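Here's coords_27.txt, which has compact mmCIF, C-alpha atoms:
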```txt
# COMPACT_ATOMS: atom_id res chain seq x y z
CA MET A 397 36.73 -24.69 -13.06
CA ASN A 398 33.48 -26.47 -12.13
CA LYS A 399 30.97 -24.48 -14.18
CA GLN A 400 27.89 -25.82 -12.40
CA SER A 401 29.14 -24.94 -8.90
CA VAL A 402 30.15 -21.47 -10.12
CA LYS A 403 26.71 -20.92 -11.68
CA PHE A 404 25.02 -22.05 -8.45
CA SER A 405 27.10 -19.63 -6.36
CA LEU A 406 26.23 -16.78 -8.75
CA TYR A 407 22.51 -17.51 -8.35
CA ILE A 408 22.70 -17.64 -4.53
CA ASN A 409 24.76 -14.46 -4.16
CA TYR A 410 22.43 -12.54 -6.46
CA PHE A 411 19.39 -13.87 -4.58
CA VAL A 412 20.63 -12.63 -1.19
CA PHE A 413 21.40 -9.17 -2.54
CA ALA A 414 17.99 -9.02 -4.22
CA ILE A 415 16.31 -9.21 -0.82
CA LEU A 416 18.57 -6.57 0.73
CA LEU A 417 18.79 -4.07 -2.10
CA ASN A 418 15.16 -3.98 -3.02
CA SER A 419 13.92 -3.74 0.52
CA VAL A 420 14.63 -0.04 -0.07
CA GLY A 421 10.99 0.58 -1.05
CA ILE A 422 9.83 -1.10 2.16
CA VAL A 423 12.31 0.85 4.30
CA ILE A 424 11.25 4.08 2.56
CA LEU A 425 7.67 3.37 3.67
CA LYS A 426 8.80 2.40 7.20
CA SER A 427 10.98 5.53 7.43
CA GLN A 428 7.95 7.71 6.72
CA ASN A 429 5.76 5.84 9.22
CA VAL A 430 8.33 5.13 11.98
CA TYR A 431 11.10 7.73 11.69
CA GLY A 432 8.80 10.58 10.61
CA VAL A 433 10.58 11.69 7.41
CA ASP A 434 8.73 12.97 4.31
CA GLU A 435 8.69 11.44 0.81
CA VAL A 436 11.65 13.41 -0.55
CA GLN A 437 13.81 12.71 2.52
CA ALA A 438 12.89 9.02 2.41
CA SER A 439 13.81 8.82 -1.29
CA SER A 440 17.43 9.64 -0.33
CA LEU A 441 17.82 5.99 0.74
CA GLU A 442 17.80 5.08 -2.95
CA ALA A 443 20.62 7.56 -3.52
CA PHE A 444 22.72 6.10 -0.67
CA LYS A 445 22.31 2.67 -2.22
CA ASP A 446 22.91 3.63 -5.83
CA ILE A 447 25.72 6.15 -5.35
CA SER A 448 27.68 3.64 -3.27
CA ILE A 449 27.16 1.06 -6.03
CA MET A 450 28.50 3.57 -8.56
CA ILE A 451 31.55 4.45 -6.46
CA ALA A 452 32.43 0.81 -5.75
CA SER A 453 31.97 -0.16 -9.41
CA PHE A 454 34.02 2.81 -10.60
CA LEU A 455 36.91 2.06 -8.23
CA ILE A 456 37.09 -1.71 -8.42
CA ALA A 457 35.45 -2.98 -11.63
CA SER A 458 38.43 -2.55 -13.93
CA PHE A 459 40.88 -4.50 -11.76
CA LEU A 460 38.57 -7.02 -10.03
CA PRO A 461 40.00 -9.82 -12.26
CA ARG A 462 43.40 -9.19 -10.63
CA ILE A 463 41.90 -9.46 -7.14
CA GLY A 464 39.83 -12.52 -8.02
CA TYR A 465 36.05 -12.73 -8.40
CA LYS A 466 35.65 -15.17 -5.52
CA ARG A 467 37.79 -13.17 -3.10
CA GLY A 468 35.94 -9.96 -3.96
CA MET A 469 32.52 -11.57 -3.42
CA MET A 470 33.54 -13.07 -0.06
CA ALA A 471 34.67 -9.66 1.21
CA ALA A 472 31.44 -8.04 -0.03
CA LEU A 473 29.27 -10.61 1.77
CA ALA A 474 31.18 -10.15 5.03
CA LEU A 475 30.59 -6.38 4.86
CA VAL A 476 26.85 -6.92 4.33
CA ALA A 477 26.57 -9.16 7.39
CA VAL A 478 28.01 -6.31 9.46
CA ALA A 479 25.57 -3.84 7.81
CA CYS A 480 22.53 -5.95 8.79
CA LEU A 481 23.56 -6.04 12.44
CA THR A 482 24.29 -2.30 12.38
CA MET A 483 20.73 -1.62 11.20
CA TYR A 484 19.25 -3.77 13.96
CA PHE A 485 21.17 -2.11 16.77
CA GLY A 486 21.12 1.42 15.27
CA ASN A 487 17.35 1.58 14.56
CA SER A 488 17.27 5.06 12.99
CA PHE A 489 17.03 6.78 9.63
CA VAL A 490 20.78 7.45 9.84
CA THR A 491 21.60 3.75 10.19
CA ALA A 492 19.15 3.00 7.35
CA LYS A 493 21.29 5.27 5.17
CA LEU A 494 24.44 3.47 6.36
CA LEU A 495 22.84 0.08 5.67
CA PHE A 496 22.10 0.90 2.04
CA ALA A 497 25.48 2.56 1.55
CA LEU A 498 27.29 -0.62 2.68
CA VAL A 499 24.93 -2.97 0.82
CA GLY A 500 25.27 -0.84 -2.31
CA ALA A 501 29.07 -0.83 -2.21
CA SER A 502 29.12 -4.59 -1.71
CA PHE A 503 26.68 -5.17 -4.55
CA GLY A 504 28.91 -3.12 -6.84
CA VAL A 505 31.56 -5.79 -6.35
CA ILE A 506 29.12 -8.72 -6.55
CA LYS A 507 27.47 -7.55 -9.77
CA VAL A 508 30.76 -6.96 -11.60
CA ALA A 509 31.92 -10.43 -10.54
CA VAL A 510 28.64 -12.09 -11.59
CA TYR A 511 28.42 -10.34 -14.97
CA SER A 512 32.05 -11.13 -15.74
CA ALA A 513 31.80 -14.75 -14.60
CA ILE A 514 28.79 -15.34 -16.89
CA GLY A 515 31.14 -14.91 -19.83
CA LEU A 516 33.48 -17.53 -18.34
CA VAL A 517 30.84 -20.25 -18.02
CA THR A 518 28.85 -19.75 -21.26
CA ASP A 519 29.54 -20.28 -24.96
CA GLY A 520 27.87 -18.09 -27.57
CA GLN A 521 25.34 -15.27 -27.48
CA SER A 522 22.17 -17.37 -26.99
CA GLU A 523 23.64 -19.19 -23.96
CA HIS A 524 24.87 -15.87 -22.59
CA ASN A 525 21.38 -14.35 -23.11
CA SER A 526 19.73 -17.28 -21.38
CA LEU A 527 21.97 -17.39 -18.28
CA MET A 528 21.90 -13.60 -17.91
CA SER A 529 18.10 -13.57 -18.08
CA ASN A 530 17.75 -16.53 -15.70
CA ILE A 531 20.06 -15.00 -13.08
CA GLU A 532 18.30 -11.66 -13.33
CA GLY A 533 14.97 -13.51 -13.10
CA PHE A 534 16.12 -15.34 -9.97
CA PHE A 535 17.09 -11.92 -8.60
CA MET A 536 13.46 -10.84 -8.96
CA PHE A 537 12.21 -13.83 -6.98
CA GLY A 538 14.54 -12.70 -4.19
CA ILE A 539 12.85 -9.31 -4.36
CA ALA A 540 9.43 -11.00 -4.13
CA LEU A 541 10.56 -12.87 -1.02
CA ALA A 542 11.53 -9.55 0.59
CA TYR A 543 7.94 -8.36 0.30
CA PHE A 544 6.83 -11.29 2.45
CA LEU A 545 9.81 -11.45 4.83
CA PHE A 546 9.46 -7.90 6.10
CA PRO A 547 5.70 -8.05 6.76
CA ALA A 548 6.24 -11.37 8.59
CA PHE A 549 8.28 -9.48 11.19
CA ASN A 550 6.07 -6.37 11.18
CA VAL A 551 3.81 -6.33 14.28
CA GLU A 552 1.15 -3.65 14.76
CA GLY A 553 1.77 -1.74 17.99
CA ARG A 554 5.46 -2.73 18.08
CA PRO A 555 7.28 -0.23 15.82
CA ASP A 556 10.69 -1.93 16.27
CA ALA A 557 9.59 -5.52 15.64
CA TRP A 558 10.35 -5.34 11.88
CA LEU A 559 14.06 -4.93 12.63
CA ASN A 560 14.29 -8.61 13.66
CA VAL A 561 14.33 -9.46 9.95
CA TYR A 562 17.96 -8.29 9.84
CA TRP A 563 19.04 -11.21 12.06
CA LEU A 564 17.59 -13.57 9.45
CA LEU A 565 19.20 -11.63 6.60
CA ALA A 566 22.61 -11.73 8.32
CA GLY A 567 22.19 -15.50 8.61
CA LEU A 568 21.36 -15.84 4.91
CA VAL A 569 24.49 -13.85 4.03
CA ILE A 570 26.64 -16.23 6.11
CA VAL A 571 25.07 -19.23 4.33
CA ALA A 572 25.86 -17.58 0.98
CA MET A 573 29.49 -17.15 2.09
CA LEU A 574 29.75 -20.85 2.99
CA LEU A 575 28.33 -21.93 -0.39
CA LEU A 576 30.62 -19.53 -2.27
CA SER A 577 33.67 -20.85 -0.40
CA ARG A 578 33.06 -24.30 -1.95
CA ALA A 579 32.84 -23.04 -5.56
CA LYS A 580 36.07 -23.40 -7.55
CA PHE A 581 36.75 -20.40 -9.82
CA ASP A 582 39.30 -20.38 -12.64
CA LYS A 583 42.05 -17.98 -11.50
CA ASN A 584 43.38 -17.35 -15.00
CA TYR A 585 41.11 -14.46 -15.93
CA GLU A 586 41.77 -12.22 -18.88
CA VAL A 587 42.69 -8.77 -17.55
CA PRO A 588 41.91 -5.61 -19.53
CA GLY A 589 45.27 -3.84 -19.18
CA THR A 590 48.92 -4.36 -18.31
CA ASN A 591 48.74 -2.80 -14.82
CA LEU A 592 46.20 -1.30 -12.39
CA LEU A 593 46.29 2.16 -14.00
CA ASP A 594 45.93 0.68 -17.47
CA ASP A 595 43.01 -1.48 -16.26
CA PHE A 596 41.24 1.64 -15.03
CA MET A 597 41.90 3.60 -18.23
CA VAL A 598 40.44 0.78 -20.35
CA MET A 599 37.09 1.32 -18.62
CA ILE A 600 37.27 5.09 -19.20
CA ARG A 601 38.21 4.64 -22.88
CA LEU A 602 35.22 2.35 -23.41
CA LEU A 603 33.00 5.42 -23.12
CA ALA A 604 34.51 6.70 -26.36
CA LYS A 605 32.80 3.86 -28.25
CA VAL A 606 29.45 4.93 -29.70
CA LEU A 607 27.97 1.50 -28.94
CA VAL A 608 28.91 1.78 -25.26
CA LEU A 609 27.71 5.37 -24.98
CA ILE A 610 24.25 4.63 -26.42
CA PHE A 611 24.00 1.45 -24.38
CA VAL A 612 24.78 3.04 -20.99
CA VAL A 613 22.18 5.73 -21.68
CA SER A 614 19.69 2.94 -22.49
CA ALA A 615 20.55 1.13 -19.25
CA LEU A 616 20.05 4.39 -17.34
CA LEU A 617 16.64 4.93 -18.94
CA PHE A 618 15.47 1.41 -18.19
CA VAL A 619 16.49 1.47 -14.53
CA MET A 620 14.75 4.83 -14.16
CA ILE A 621 11.55 3.01 -15.14
CA GLU A 622 12.05 -0.17 -13.13
CA GLN A 623 13.36 1.35 -9.90
CA GLY A 624 10.94 4.26 -10.03
CA ILE A 625 8.00 1.85 -10.09
CA MET A 626 9.46 -0.78 -7.77
CA THR A 627 10.63 1.61 -5.07
CA TRP A 628 7.38 3.54 -4.85
CA LEU A 629 4.85 0.76 -5.44
CA PRO A 630 4.43 0.00 -1.69
CA THR A 631 3.72 3.70 -1.08
CA PHE A 632 1.35 3.80 -4.10
CA ASN A 633 -0.54 0.78 -2.74
CA ASN A 634 -0.75 2.34 0.72
CA LYS A 635 -1.67 5.92 -0.22
CA VAL A 636 -3.61 5.57 -3.49
CA LEU A 637 -5.26 2.15 -3.18
CA ASN A 638 -5.61 2.68 0.60
CA LEU A 639 -4.30 -0.79 1.43
CA PRO A 640 -3.04 -1.52 4.98
CA GLU A 641 0.75 -1.24 5.31
CA ASN A 642 1.48 -5.00 5.41
CA VAL A 643 -0.87 -5.71 2.49
CA ALA A 644 0.61 -2.77 0.53
CA ILE A 645 4.10 -4.24 0.94
CA MET A 646 3.04 -7.80 0.06
CA MET A 647 1.12 -6.56 -2.99
CA ALA A 648 4.35 -5.07 -4.33
CA SER A 649 5.64 -8.65 -4.58
CA ILE A 650 3.34 -9.10 -7.60
CA LEU A 651 5.63 -6.75 -9.54
CA ALA A 652 8.74 -8.63 -8.46
CA ILE A 653 7.23 -12.02 -9.35
CA SER A 654 6.10 -10.74 -12.76
CA LEU A 655 9.61 -9.35 -13.33
CA GLY A 656 11.14 -12.71 -12.46
CA VAL A 657 8.79 -14.66 -14.72
CA GLY A 658 9.19 -12.08 -17.49
CA ARG A 659 12.98 -12.34 -17.45
CA ILE A 660 12.97 -16.11 -17.63
CA ILE A 661 10.42 -16.05 -20.47
CA GLY A 662 12.42 -13.30 -22.20
CA GLY A 663 15.57 -15.44 -22.04
CA GLN A 664 13.75 -18.31 -23.73
CA LEU A 665 12.22 -16.08 -26.41
CA ALA A 666 15.64 -14.61 -27.18
CA LYS A 667 16.80 -18.10 -28.21
CA LYS A 668 14.18 -18.16 -31.00
CA TYR A 669 13.71 -14.52 -31.95
CA SER A 670 15.86 -11.42 -32.36
CA TRP A 671 16.51 -9.70 -29.02
CA VAL A 672 15.46 -6.41 -30.62
CA THR A 673 12.07 -7.84 -31.67
CA VAL A 674 11.47 -9.14 -28.15
CA LEU A 675 12.35 -5.79 -26.59
CA VAL A 676 10.22 -3.67 -28.94
CA ILE A 677 7.15 -5.80 -28.15
CA CYS A 678 7.94 -5.57 -24.43
CA ILE A 679 8.27 -1.78 -24.40
CA VAL A 680 5.06 -1.25 -26.40
CA GLY A 681 3.23 -3.62 -24.04
CA ALA A 682 4.51 -1.73 -20.97
CA MET A 683 3.39 1.59 -22.46
CA ALA A 684 -0.10 0.16 -23.06
CA ILE A 685 -0.40 -0.87 -19.40
CA VAL A 686 0.65 2.58 -18.15
CA LEU A 687 -1.78 4.28 -20.55
CA PHE A 688 -4.84 2.05 -20.12
CA VAL A 689 -4.54 -0.10 -16.97
CA LEU A 690 -2.99 2.33 -14.48
CA PRO A 691 -5.86 4.90 -14.67
CA GLN A 692 -8.39 2.13 -13.98
CA ALA A 693 -6.46 1.01 -10.90
CA VAL A 694 -6.20 4.60 -9.62
CA ASN A 695 -9.94 5.20 -10.00
CA ALA A 696 -11.08 1.80 -8.72
CA ASP A 697 -13.12 1.49 -5.54
CA ILE A 698 -10.99 -1.05 -3.68
CA GLY A 699 -13.16 -1.13 -0.55
CA ALA A 700 -12.20 -2.50 2.85
CA VAL A 701 -9.08 -4.70 2.74
CA GLU A 702 -7.52 -6.73 5.54
CA THR A 703 -5.70 -9.50 3.67
CA LEU A 704 -4.43 -10.18 0.13
CA ALA A 705 -7.59 -12.18 -0.56
CA ASP A 706 -9.65 -9.01 -0.10
CA VAL A 707 -7.87 -7.13 -2.89
CA PRO A 708 -9.96 -7.04 -6.12
CA LEU A 709 -8.40 -8.10 -9.44
CA ILE A 710 -7.85 -4.50 -10.58
CA GLY A 711 -5.40 -4.08 -7.67
CA TYR A 712 -3.21 -6.76 -9.26
CA ALA A 713 -3.40 -5.34 -12.77
CA PHE A 714 -0.76 -2.58 -12.82
CA PRO A 715 2.09 -4.69 -11.29
CA ILE A 716 1.76 -7.02 -14.31
CA VAL A 717 3.74 -4.33 -16.16
CA GLY A 718 6.71 -6.28 -14.81
CA LEU A 719 6.13 -9.05 -17.37
CA PHE A 720 6.81 -6.54 -20.15
CA ILE A 721 9.67 -4.48 -18.73
CA ALA A 722 11.43 -7.56 -17.28
CA PRO A 723 13.37 -8.79 -20.36
CA ILE A 724 14.72 -5.33 -21.27
CA TYR A 725 17.64 -5.05 -18.85
CA PRO A 726 19.23 -8.54 -19.12
CA LEU A 727 18.83 -8.70 -22.90
CA LEU A 728 20.37 -5.25 -23.36
CA ASN A 729 23.30 -6.21 -21.10
CA SER A 730 23.81 -9.56 -22.78
CA ALA A 731 23.64 -8.08 -26.30
CA VAL A 732 26.48 -5.67 -25.54
CA LEU A 733 28.65 -7.91 -23.34
CA SER A 734 28.53 -10.83 -25.77
CA ALA A 735 29.58 -8.47 -28.58
CA LEU A 736 32.74 -7.44 -26.70
CA PRO A 737 35.94 -9.46 -26.02
CA GLN A 738 36.07 -11.31 -22.67
CA SER A 739 38.88 -9.04 -21.44
CA LEU A 740 36.48 -6.07 -21.58
CA HIS A 741 33.63 -7.73 -19.66
CA SER A 742 34.77 -6.58 -16.21
CA PRO A 743 35.27 -2.88 -17.09
CA MET A 744 32.09 -2.96 -19.22
CA SER A 745 30.20 -4.47 -16.27
CA GLY A 746 31.48 -1.59 -14.16
CA LEU A 747 30.01 0.93 -16.60
CA ILE A 748 26.70 -0.96 -16.71
CA ILE A 749 26.45 -0.82 -12.93
CA ILE A 750 27.49 2.82 -12.66
CA PHE A 751 24.89 4.05 -15.14
CA SER A 752 22.22 1.63 -13.87
CA SER A 753 22.74 2.98 -10.36
CA LEU A 754 22.51 6.54 -11.63
CA GLY A 755 19.27 5.62 -13.39
CA GLY A 756 17.91 4.06 -10.20
CA THR A 757 18.68 7.18 -8.19
CA LEU A 758 17.18 9.50 -10.81
CA GLY A 759 14.09 7.32 -11.26
CA SER A 760 13.37 6.99 -7.56
CA ARG A 761 14.01 10.68 -6.91
CA MET A 762 11.89 11.74 -9.89
CA ILE A 763 8.94 9.59 -8.80
CA GLY A 764 9.38 10.77 -5.19
CA VAL A 765 9.17 14.41 -6.26
CA LEU A 766 6.18 13.66 -8.54
CA PHE A 767 4.45 11.83 -5.68
CA LYS A 768 4.82 14.91 -3.51
CA GLU A 769 4.09 17.63 -6.10
CA LEU A 770 1.48 16.02 -8.40
CA GLY A 771 0.10 13.23 -6.25
CA ALA A 772 0.71 9.50 -6.18
CA ASP A 773 -2.06 8.88 -8.70
CA LYS A 774 -0.21 10.74 -11.50
CA ALA A 775 3.46 10.00 -10.76
CA PHE A 776 3.84 6.67 -12.58
CA THR A 777 2.45 8.10 -15.83
CA TYR A 778 5.76 9.90 -16.42
CA THR A 779 7.55 6.57 -16.95
CA LEU A 780 6.26 6.82 -20.54
CA VAL A 781 9.01 9.35 -21.34
CA PRO A 782 12.00 7.00 -20.82
CA MET A 783 10.04 4.19 -22.52
CA VAL A 784 9.75 6.21 -25.73
CA LEU A 785 13.45 7.13 -25.59
CA LEU A 786 14.35 3.44 -25.16
CA LEU A 787 12.54 2.57 -28.38
CA VAL A 788 14.68 5.11 -30.23
CA ALA A 789 17.89 3.79 -28.64
CA LEU A 790 17.13 0.19 -29.70
CA TYR A 791 17.32 1.15 -33.39
CA PHE A 792 20.93 2.32 -33.00
CA LEU A 793 21.97 -0.50 -30.65
CA GLN A 794 20.91 -3.16 -33.14
CA LYS A 795 23.12 -1.72 -35.88
CA LEU A 796 26.12 -1.11 -33.59
CA THR A 797 26.11 -4.56 -31.95
CA LYS A 798 26.06 -6.20 -35.40
CA LYS A 799 29.17 -4.24 -36.41
CA GLU A 800 30.94 -5.12 -33.14
CA ARG A 801 30.24 -8.85 -33.52
CA ALA A 802 31.53 -8.75 -37.09
CA LYS A 803 34.79 -7.22 -35.83
CA LYS A 804 35.01 -9.84 -33.06
CA ARG A 805 34.57 -12.71 -35.57
CA ALA A 806 37.17 -11.21 -37.91
CA LYS A 807 39.75 -11.02 -35.10
CA ALA A 808 39.02 -14.60 -34.05
CA GLN A 809 39.90 -15.85 -37.54
CA PHE A 810 43.45 -14.51 -37.34
```
How does the structure come out when it is put into structure tokens?
Amino acid sequence: MNKQSVKFSLYINYFVFAILLNSVGIVILKSQNVYGVDEVQASSLEAFKDISIMIASFLIASFLPRIGYKRGMMAALALVAVACLTMYFGNSFVTAKLLFALVGASFGVIKVAVYSAIGLVTDGQSEHNSLMSNIEGFFMFGIALAYFLFPAFNVEGRPDAWLNVYWLLAGLVIVAMLLLSRAKFDKNYEVPGTNLLDDFMVMIRLLAKVLVLIFVVSALLFVMIEQGIMTWLPTFNNKVLNLPENVAIMMASILAISLGVGRIIGGQLAKKYSWVTVLVICIVGAMAIVLFVLPQAVNADIGAVETLADVPLIGYAFPIVGLFIAPIYPLLNSAVLSALPQSLHSPMSGLIIIFSSLGGTLGSRMIGVLFKELGADKAFTYTLVPMVLLLVALYFLQKLTKKERAKKRAKAQF
């Protein structure tokens, strides 16, 4: 197996899905402005995306090694190309739901394959931490690109013009397929069980481990924070800061860029310092921004804005929270995956994705309801609750991962 070509294909596949998946916040805003749905109805797009990710991960994660990571990713990309064209020709809130359902299901396959393949091309926890953080960071730069791609096709007075972006996205998916077809994957994967049913039961039995149970709850809490903020930031910029729609969308890219930079920096810091130390500092920093910076942004007098250059510095302040929350997800995932045997990486990846998707749905829905009931200026403050719970979970995860690695080393000696 050519490790470099495999790594490159993992980066590209993740990048393409970053653009598609996290355009959900943009499409939520467009659905309110073009299709005439309210905030709660629009937030259902997040559920269509995340529930389909959960279902696909639940059904296929445990036996994806038998199918083959490359074959599974190729099929997922082909399905997404069809989804993009369906959105263009359908042009309705119904086809928006279908788009995110198909993209979500495909990403369920892609993410299991990527997370499992990382273990195949890395040696040791620090290398695993670094590659996981870098790939997740690259994912965030794909998200940032989405915030510029969609406005580039958005033309005032032409409500359907933005749909042309899906022709470009379908083309990018085809390019990703061509690059993936040239990557040579090792076909001798470790499988979790002795047959398909046993593969599936291995994933279910993993939930009986205390380490896994606390971890999946932690993943759920984090994604509630990240997706809640990311999905609703364009709407926050538009309705609270009173930015024009295109500027509101492009401003949301600041969060994605800070998430990308934060994940890459977090991966480097994890090589020198304990992953728990890095994460505690990150969570405390994020809480400080929500407590002290967010109120200043809400109460700021932004003034007349036509371009990004017109936005005052305070408008850029809250999205910097991404620098602090960024390292949490990849370092949590890497800490647990690297503590488990390679044969359990695929089913464990399935559980990560299932609970992450559930967290994304809950976070987006919660913020959507808070936007409607309490106002957009207060909604993000409630992200402090899962942040506090994450700090508590880290204490237990540190102890449990140490025990699991000790068991893994003991087995390797015999």
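For the residues A:Val680, A:Leu545, A:Leu637, A:Val598, ranking by smallest atom-to-atom distance to Pro708 in chain A using all atoms listed in the file places A:Leu637 first.
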Give the answer as one residue: which of A:Val613, A:Ile698, A:Ile506, A:Ile645 has the shortest atom-to-atom distance to Leu790 in chain A, using all atoms listed in the file?
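Ranked by minimum distance to Leu790 in chain A, first place goes to A:Val613.
The interatomic distance for the pair CA of Ser752 in chain A and CA of Leu629 in chain A works out to 19.3 Å.
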Just the residues within 6 Å of range 719-731 of chain A, please, counting all atoms listed in the file, with nothing from its chain fewer than 5 positions along; format it as a short mmCIF file (atom, residue, chain, number, x, y, z; two decimals) with C-alpha atoms, in the frame of the given file.
```cif
data_model
loop_
_atom_site.label_atom_id
_atom_site.label_comp_id
_atom_site.auth_asym_id
_atom_site.auth_seq_id
_atom_site.Cartn_x
_atom_site.Cartn_y
_atom_site.Cartn_z
CA ASN A 525 21.38 -14.35 -23.11
CA MET A 528 21.90 -13.60 -17.91
CA SER A 529 18.10 -13.57 -18.08
CA SER A 654 6.10 -10.74 -12.76
CA LEU A 655 9.61 -9.35 -13.33
CA GLY A 658 9.19 -12.08 -17.49
CA ARG A 659 12.98 -12.34 -17.45
CA GLY A 662 12.42 -13.30 -22.20
CA LEU A 675 12.35 -5.79 -26.59
CA CYS A 678 7.94 -5.57 -24.43
CA ALA A 682 4.51 -1.73 -20.97
#
```
Counting only C-alpha atoms, the residue of A:Leu568, A:Met450, A:Met647, A:Leu455 that sits nearest Phe411 in chain A
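Smallest separation from Phe411 in chain A among the options: A:Leu568.
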From the list A:Pro640, A:Gly567, A:Gly538, A:Gly746, which residue is nearest Ala700 in chain A when using all atoms listed in the file?
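Under the stated criterion, the closest residue is A:Pro640.
Going from CA of Gly421 in chain A to CA of Tyr778 in chain A covers 18.7 Å.
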